[in-house]
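Colleague: Pasting structure_30.pdb here (PDB, C-alpha atoms):
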ATOM      1  CA  ALA Y  23       0.000   0.000   0.000
ATOM      2  CA  GLY Y  24       2.929   2.347   0.714
ATOM      3  CA  LEU Y  25       4.291   1.998  -2.824
ATOM      4  CA  GLU Y  26       0.834   2.657  -4.266
ATOM      5  CA  ARG Y  27       0.496   5.834  -2.180
ATOM      6  CA  ASP Y  28       3.964   6.982  -3.271
ATOM      7  CA  GLY Y  29       3.055   6.374  -6.911
ATOM      8  CA  LEU Y  30      -0.211   8.270  -6.518
ATOM      9  CA  ARG Y  31       1.583  11.111  -4.752
ATOM     10  CA  GLN Y  32       4.084  11.380  -7.618
ATOM     11  CA  ARG Y  33       1.323  11.372 -10.253
ATOM     12  CA  ILE Y  34      -0.570  14.118  -8.420
ATOM     13  CA  LEU Y  35       2.586  16.226  -8.099
ATOM     14  CA  LYS Y  36       3.480  15.755 -11.777
ATOM     15  CA  ARG Y  37      -0.001  16.764 -12.931
ATOM     16  CA  LEU Y  38      -0.066  19.703 -10.526
ATOM     17  CA  GLU Y  39       3.275  20.918 -11.844
ATOM     18  CA  GLU Y  40       1.937  20.587 -15.419
ATOM     19  CA  LYS Y  41      -1.165  22.638 -14.571
ATOM     20  CA  ILE Y  42       0.863  25.418 -12.959
ATOM     21  CA  ALA Y  43       3.306  25.413 -15.891
ATOM     22  CA  GLY Y  44       0.297  25.657 -18.211
ATOM     23  CA  LEU Y  45      -0.713  28.869 -16.470
ATOM     24  CA  ILE Y  46       2.573  30.443 -17.572
ATOM     25  CA  GLU Y  47       1.415  30.037 -21.173
ATOM     26  CA  ASN Y  48      -2.259  30.786 -20.594
ATOM     27  CA  ARG Y  49      -3.006  32.459 -17.278
ATOM     28  CA  ASP Y  50      -6.657  33.018 -18.202
ATOM     29  CA  ASP Y  51      -7.425  29.304 -18.618
ATOM     30  CA  GLU Y  52      -9.929  28.680 -15.828
ATOM     31  CA  SER Y  53      -9.686  24.900 -16.299
ATOM     32  CA  LEU Y  54      -6.028  24.944 -15.215
ATOM     33  CA  TYR Y  55      -6.922  26.670 -11.940
ATOM     34  CA  LEU Y  56      -9.819  24.272 -11.328
ATOM     35  CA  GLU Y  57      -7.720  21.194 -12.048
ATOM     36  CA  ALA Y  58      -4.930  22.400  -9.755
ATOM     37  CA  HIS Y  59      -7.464  22.865  -6.951
ATOM     38  CA  ARG Y  60      -8.964  19.415  -7.664
ATOM     39  CA  LEU Y  61      -5.543  17.788  -7.417
ATOM     40  CA  LEU Y  62      -4.843  19.550  -4.117
ATOM     41  CA  ASP Y  63      -8.310  18.548  -2.867
ATOM     42  CA  LEU Y  64      -7.688  14.927  -3.852
ATOM     43  CA  ALA Y  65      -4.400  14.772  -1.972
ATOM     44  CA  GLU Y  66      -6.063  16.351   1.053
ATOM     45  CA  MET Y  67      -9.029  13.959   0.899
ATOM     46  CA  LEU Y  68      -6.659  10.972   0.732
ATOM     47  CA  ASN Y  69      -4.559  12.417   3.569
ATOM     48  CA  LEU Y  70      -1.615  12.325   1.188
ATOM     49  CA  PRO Y  71       1.032  14.905   2.144
ATOM     50  CA  LEU Y  72       2.683  16.519  -0.858
ATOM     51  CA  ASP Y  73       6.210  17.853  -1.098
ATOM     52  CA  LEU Y  74       5.361  20.932  -3.133
ATOM     53  CA  TRP Y  75       8.809  22.463  -3.648
ATOM     54  CA  LYS Y  76       8.929  21.795  -7.419
ATOM     55  CA  VAL Y  77       5.372  23.043  -7.864
ATOM     56  CA  GLN Y  78       6.170  26.084  -5.733
ATOM     57  CA  ASN Y  79       9.216  26.855  -7.890
ATOM     58  CA  VAL Y  80       7.087  26.764 -11.054
ATOM     59  CA  PHE Y  81       4.405  28.872  -9.379
ATOM     60  CA  HIS Y  82       7.001  31.418  -8.263
ATOM     61  CA  ARG Y  83       8.261  31.737 -11.853
ATOM     62  CA  PHE Y  84       4.672  32.273 -12.949
ATOM     63  CA  ILE Y  85       3.719  34.935 -10.394
ATOM     64  CA  SER Y  86       6.961  36.824 -10.900
ATOM     65  CA  GLU Y  87       5.707  37.645 -14.411
ATOM     66  CA  VAL Y  88       2.204  38.733 -13.325
ATOM     67  CA  ALA Y  89       1.797  42.475 -12.875
ATOM     68  CA  HIS Y  90      -1.707  42.391 -11.373
ATOM     69  CA  PRO Y  91      -2.545  39.131  -9.579
ATOM     70  CA  THR Y  92      -6.193  38.101  -9.580
ATOM     71  CA  LEU Y  93      -8.185  36.724  -6.686
ATOM     72  CA  ARG Y  94      -8.155  33.220  -8.210
ATOM     73  CA  LEU Y  95      -4.369  33.417  -8.505
ATOM     74  CA  SER Y  96      -4.142  34.520  -4.884
ATOM     75  CA  ARG Y  97      -6.351  31.615  -3.772
ATOM     76  CA  LEU Y  98      -4.229  29.061  -5.603
ATOM     77  CA  GLY Y  99      -1.067  30.675  -4.269
ATOM     78  CA  SER Y 100      -2.417  30.452  -0.749
ATOM     79  CA  ARG Y 101      -2.864  26.707  -1.118
ATOM     80  CA  LEU Y 102       0.765  26.502  -2.220
ATOM     81  CA  SER Y 103       1.934  28.553   0.807
ATOM     82  CA  PHE Y 104       2.270  31.893  -0.995
ATOM     83  CA  SER Y 105       0.857  35.176   0.229
ATOM     84  CA  ILE Y 106      -0.165  37.273  -2.763
ATOM     85  CA  SER Y 107      -1.731  40.707  -2.570
ATOM     86  CA  THR Y 108      -4.313  41.299  -5.289
ATOM     87  CA  GLY Y 109      -4.954  44.937  -4.514
ATOM     88  CA  GLU Y 110      -8.662  44.052  -4.360
ATOM     89  CA  GLY Y 111     -10.792  44.969  -1.345
ATOM     90  CA  LYS Y 112     -11.180  42.439   1.431
TER      91      LYS Y 112
END
Please express the file's structure as structure tokens.

Modeller:
Amino acid sequence: AGLERDGLRQRILKRLEEKIAGLIENRDDESLYLEAHRLLDLAEMLNLPLDLWKVQNVFHRFISEVAHPTLRLSRLGSRLSFSISTGEGK
């Protein structure tokens, strides 16, 4: 069971990294945000801790190019342990 969980963890991380990388090319693609949240939800539901450092590195590259972060970007960033100010009211 441990090997299966490790394999699942790696697949989730790989897909999550792909979704975040996809945002670099198309930051308005709502499906990429939704899928990233679904993957994070799945890992949480399965009580599967994720080592997010690779995903966080890709996300950091992405947000460093965004002049005006959106609320959806801030929400995803929060789940990846980033604090992003959107400039929008609270």

Colleague: Could you write out as a PyMOL selection string the residues that the PyMOL selection byres ((chain Y and resi 70) around 9) matches in the shown file?

Modeller: chain Y and resi 27-28+30-31+64-69+71-72

Colleague: Quote the spacing between CA of Asp73 (chain Y) and CA of Asp50 (chain Y) in Å to one decimal place.

Modeller: 26.2 Å

Colleague: Quick one: residues within 10 Å of Leu93 (chain Y), only C-alpha atoms counted, chain neighbours fewer than 2 positions away excluded, as a PyMOL selection string?

Modeller: chain Y and resi 90-91+95-99+106-110

Colleague: In terms of the shortest atom-to-atom distance over only C-alpha atoms, which of Y:Leu45, Y:Leu56, Y:Leu38, Y:Leu61 is closest to Trp75 (chain Y)?

Modeller: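 Among the listed residues, Y:Leu38 lies closest to Trp75 (chain Y).
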
Colleague: Using all atoms listed in the file for the distances, tell me which of Y:Glu26, Y:Glu39, Y:Asp51, Y:Glu87 is nearest to Leu102 (chain Y).

Modeller: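 Smallest distance to Leu102 (chain Y) is found for Y:Glu39.
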
Colleague: In Å, how far is it from CA of Arg94 (chain Y) to CA of Gly29 (chain Y)?

Modeller: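 One can read the CA of Arg94 (chain Y) to CA of Gly29 (chain Y) distance as 29.1 Å.
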
Colleague: Apply the PyMOL selection byres ((chain Y and resi 46) around 12) to the displayed file and report the matching residues as a PyMOL selection string.

Modeller: chain Y and resi 39-45+47-51+54-55+80-88+95
